[in-house]
Structure formats: structure tokens, C-alpha cells
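These notes concern the structure reproduced below.
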Amino acid sequence: MLIHRTLQQLQVRADTPERALELGRMGYMQWLGGLPGQANYEFEAIRAYLYARPFVETDPAVAVFCDLLRQSLQKPLTPLDLTLPKPRRRGGAAERRMSL
């Protein structure tokens with residue numbers, strides 16, 4: 001189940017609000033890209049939101065993900081801010097080891 005994997009990846013330590021915003025946006029794009037072509041977007045977005053909602057209070061990146069889902073369902077439709085993170089060093093292998 002794609003939403004399950006996406007949520008697991010979003011439930012990482014986000015050191016700053018900016019990092020949570022980056023992770024939430026990337027999670028939304030990953031979830032969106034994994035939907036089958038014939039999927040009903042509104043149905044899938046509501047299902048993903050309901051699945052992720054219990055984690056909004058504890059995981060900032062999940063909160064961003066849920067906000068994007070809500071915004072995507074609002075009428076009239078407006079473009080979402082899905083800017084990719086700027087490339088930068090994040091600590092490499094040493095940082096990954098510290099996060100375990």
C-alpha cells in the first residue's frame with residue numbers, strides 16, 4: 001500500500017520546520033506519482049488523508065502532507081506549492097548513522 005510506505009518515510013526526524021515542509025512536499029509528490037492512471041483522485045486523496053490524519057499532531061511532515069491533500073481538494077482549484085528542496089549537504093553517512 002503506497003500511502004503506508006509514504007507515511008513511514010514521512011515519520012522521520014524533521015529538525016526544522018523547513019525540513020518538515022520539504023519532506024511533506026516530497027511525500028505528496030511520491031504518493032501522487034504512485035497512483036494508478038485510472039484512479040479517482042478525490043477518492044484516493046480522501047483515503048490518504050484519513051489514513052494519515054492520526055499522525056498530524058506528532059509528525060510535522062505528515063501535517064504538511066495532509067495540508068497539501070486538503071488544499072488539492074478545495075474548490076476552486078489552485079496550484080500547490082511543490083517546490084523541490086535546494087540541493088545541499090545534509091551530513092551524509094555520519095548523519096544517517098546518528099539518526100538510527
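Each chain in the C-alpha cells gets a letter, A, B and so on, in the order shown; residues start at 1 in every chain, and ligands are counted from 1 in the order they appear.
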
Skipping near chain neighbours, those fewer than 4 positions away, what residues fall within 10 Å of stretch 32-44 of chain A using only C-alpha atoms, listed as an mmCIF file with N, CA and C atoms, in the first residue's frame?
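File written: part02.cif
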```cif
data_model
loop_
_atom_site.group_PDB
_atom_site.id
_atom_site.type_symbol
_atom_site.label_atom_id
_atom_site.label_comp_id
_atom_site.auth_asym_id
_atom_site.auth_seq_id
_atom_site.Cartn_x
_atom_site.Cartn_y
_atom_site.Cartn_z
ATOM 1 N N MET A 1 0.851 -1.181 0.000
ATOM 2 C CA MET A 1 0.000 0.000 0.000
ATOM 3 C C MET A 1 0.896 1.243 0.000
ATOM 4 N N LEU A 2 0.733 2.069 -1.005
ATOM 5 C CA LEU A 2 1.607 3.221 -1.199
ATOM 6 C C LEU A 2 1.517 4.223 -0.052
ATOM 7 N N ILE A 3 0.342 4.517 0.436
ATOM 8 C CA ILE A 3 0.212 5.514 1.497
ATOM 9 C C ILE A 3 0.936 5.050 2.754
ATOM 10 N N THR A 6 4.635 5.746 2.216
ATOM 11 C CA THR A 6 4.868 7.186 2.233
ATOM 12 C C THR A 6 4.842 7.716 3.659
ATOM 13 N N MET A 26 7.673 16.383 -0.708
ATOM 14 C CA MET A 26 8.198 15.228 -1.437
ATOM 15 C C MET A 26 7.302 14.002 -1.221
ATOM 16 N N GLY A 27 6.765 13.856 -0.009
ATOM 17 C CA GLY A 27 5.852 12.750 0.258
ATOM 18 C C GLY A 27 4.589 12.846 -0.586
ATOM 19 N N TYR A 28 4.057 14.060 -0.730
ATOM 20 C CA TYR A 28 2.871 14.255 -1.560
ATOM 21 C C TYR A 28 3.160 13.878 -3.007
ATOM 22 N N ALA A 48 -6.212 8.775 1.620
ATOM 23 C CA ALA A 48 -4.874 9.041 2.147
ATOM 24 C C ALA A 48 -4.940 9.994 3.336
ATOM 25 N N TYR A 49 -5.783 11.014 3.249
ATOM 26 C CA TYR A 49 -5.922 11.969 4.349
ATOM 27 C C TYR A 49 -6.428 11.275 5.612
ATOM 28 N N LEU A 50 -7.454 10.456 5.473
ATOM 29 C CA LEU A 50 -7.995 9.756 6.632
ATOM 30 C C LEU A 50 -6.980 8.786 7.239
ATOM 31 N N LEU A 69 -2.981 17.657 0.804
ATOM 32 C CA LEU A 69 -4.153 16.896 0.364
ATOM 33 C C LEU A 69 -5.420 17.742 0.483
ATOM 34 N N SER A 72 -5.552 20.422 -2.161
ATOM 35 C CA SER A 72 -5.802 19.893 -3.504
ATOM 36 C C SER A 72 -7.269 19.576 -3.740
ATOM 37 N N LEU A 73 -8.032 19.455 -2.672
ATOM 38 C CA LEU A 73 -9.456 19.128 -2.794
ATOM 39 C C LEU A 73 -10.354 20.358 -2.737
#
```

Discussion item. Just want the 10 Å neighbourhood of A:Gln9, counted on only C-alpha atoms, with same-chain residues fewer than 3 positions away dropped. Output as JSON, numbers by chain.
Written reply: {"A": [3, 4, 5, 6, 12, 13, 23, 24, 27, 61, 62]}

Kindly save the residues from that selection, with N, CA, C and O atoms included, as a compact mmCIF listing (two decimals), in the first residue's frame.
```txt
# COMPACT_ATOMS: atom_id res chain seq x y z
N ILE A 3 0.34 4.52 0.44
CA ILE A 3 0.21 5.51 1.50
C ILE A 3 0.94 5.05 2.75
O ILE A 3 1.55 5.86 3.46
N HIS A 4 0.92 3.77 3.04
CA HIS A 4 1.61 3.25 4.22
C HIS A 4 3.11 3.51 4.11
O HIS A 4 3.74 3.98 5.06
N ARG A 5 3.70 3.21 2.96
CA ARG A 5 5.13 3.44 2.76
C ARG A 5 5.46 4.93 2.82
O ARG A 5 6.45 5.34 3.44
N THR A 6 4.63 5.75 2.22
CA THR A 6 4.87 7.19 2.23
C THR A 6 4.84 7.72 3.66
O THR A 6 5.70 8.50 4.05
N VAL A 12 10.03 10.60 9.92
CA VAL A 12 11.43 10.70 10.30
C VAL A 12 11.62 12.00 11.07
O VAL A 12 10.73 12.85 11.09
N ARG A 13 12.75 12.14 11.67
CA ARG A 13 13.03 13.34 12.44
C ARG A 13 13.20 14.52 11.50
O ARG A 13 14.12 14.56 10.69
N LEU A 23 9.97 17.60 3.35
CA LEU A 23 9.58 16.18 3.40
C LEU A 23 8.11 15.99 3.05
O LEU A 23 7.75 15.06 2.34
N GLY A 24 7.25 16.86 3.57
CA GLY A 24 5.83 16.76 3.29
C GLY A 24 5.53 16.93 1.81
O GLY A 24 4.72 16.19 1.23
N GLY A 27 6.76 13.86 -0.01
CA GLY A 27 5.85 12.75 0.26
C GLY A 27 4.59 12.85 -0.59
O GLY A 27 4.10 11.84 -1.11
N ALA A 61 5.99 16.57 9.21
CA ALA A 61 5.97 16.32 7.76
C ALA A 61 4.64 15.72 7.33
O ALA A 61 4.14 16.01 6.24
N VAL A 62 4.04 14.89 8.18
CA VAL A 62 2.72 14.33 7.88
C VAL A 62 1.68 15.44 7.88
O VAL A 62 0.76 15.44 7.06
```

Worksheet item: Which one is closest to A:Asp15: A:Leu82, A:Arg47, A:Asp59, A:Gln30? Count only C-alpha atoms.
Response: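 Among the listed residues, the smallest separation from A:Asp15 belongs to A:Asp59.
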
Worksheet entry | All residues 12 Å or closer to A:Glu22, only C-alpha atoms, same chain fewer than 4 positions away omitted, as an NGL selection string | :A and (10 or 14-18 or 26-29 or 60-65 or 68 or 81-87)

Practice prompt. Mind listing the helix (DSSP H, G or I) residues of chain A, per DSSP on the backbone, as a PyMOL selection string?
Written response: chain A and resi 2-10+17-33+41-55+60-73+92-99

Discussion item. One decimal, in Å: what's the spacing between atom CA of A:Leu21 and atom CA of A:Arg89?
Written reply: 17.3 Å

Worksheet item: By how many Å are atom CA of A:Tyr51 and atom CA of A:Gln11 apart?
Response: 13.5 Å

Practice prompt. Please measure the separation of atom CA of A:Gly92 and atom CA of A:Cys66, giving the value in Å to one decimal.
Written response: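 Value for the atom CA of A:Gly92-atom CA of A:Cys66 distance: 28.5 Å.
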
Practice prompt. Kindly indicate which residue among A:Leu80, A:Thr58, A:Gln74, A:Ala94 lies nearest to A:Ala20, using only C-alpha atoms for the distances.
Written response: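 Ranking A:Leu80, A:Thr58, A:Gln74, A:Ala94 by distance to A:Ala20, first place goes to A:Thr58.
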
Worksheet item: Using only C-alpha atoms, which residue out of A:Ala52, A:Arg88, A:Trp31, A:Asp67 lies closest to A:Arg19?
Response: A:Arg88
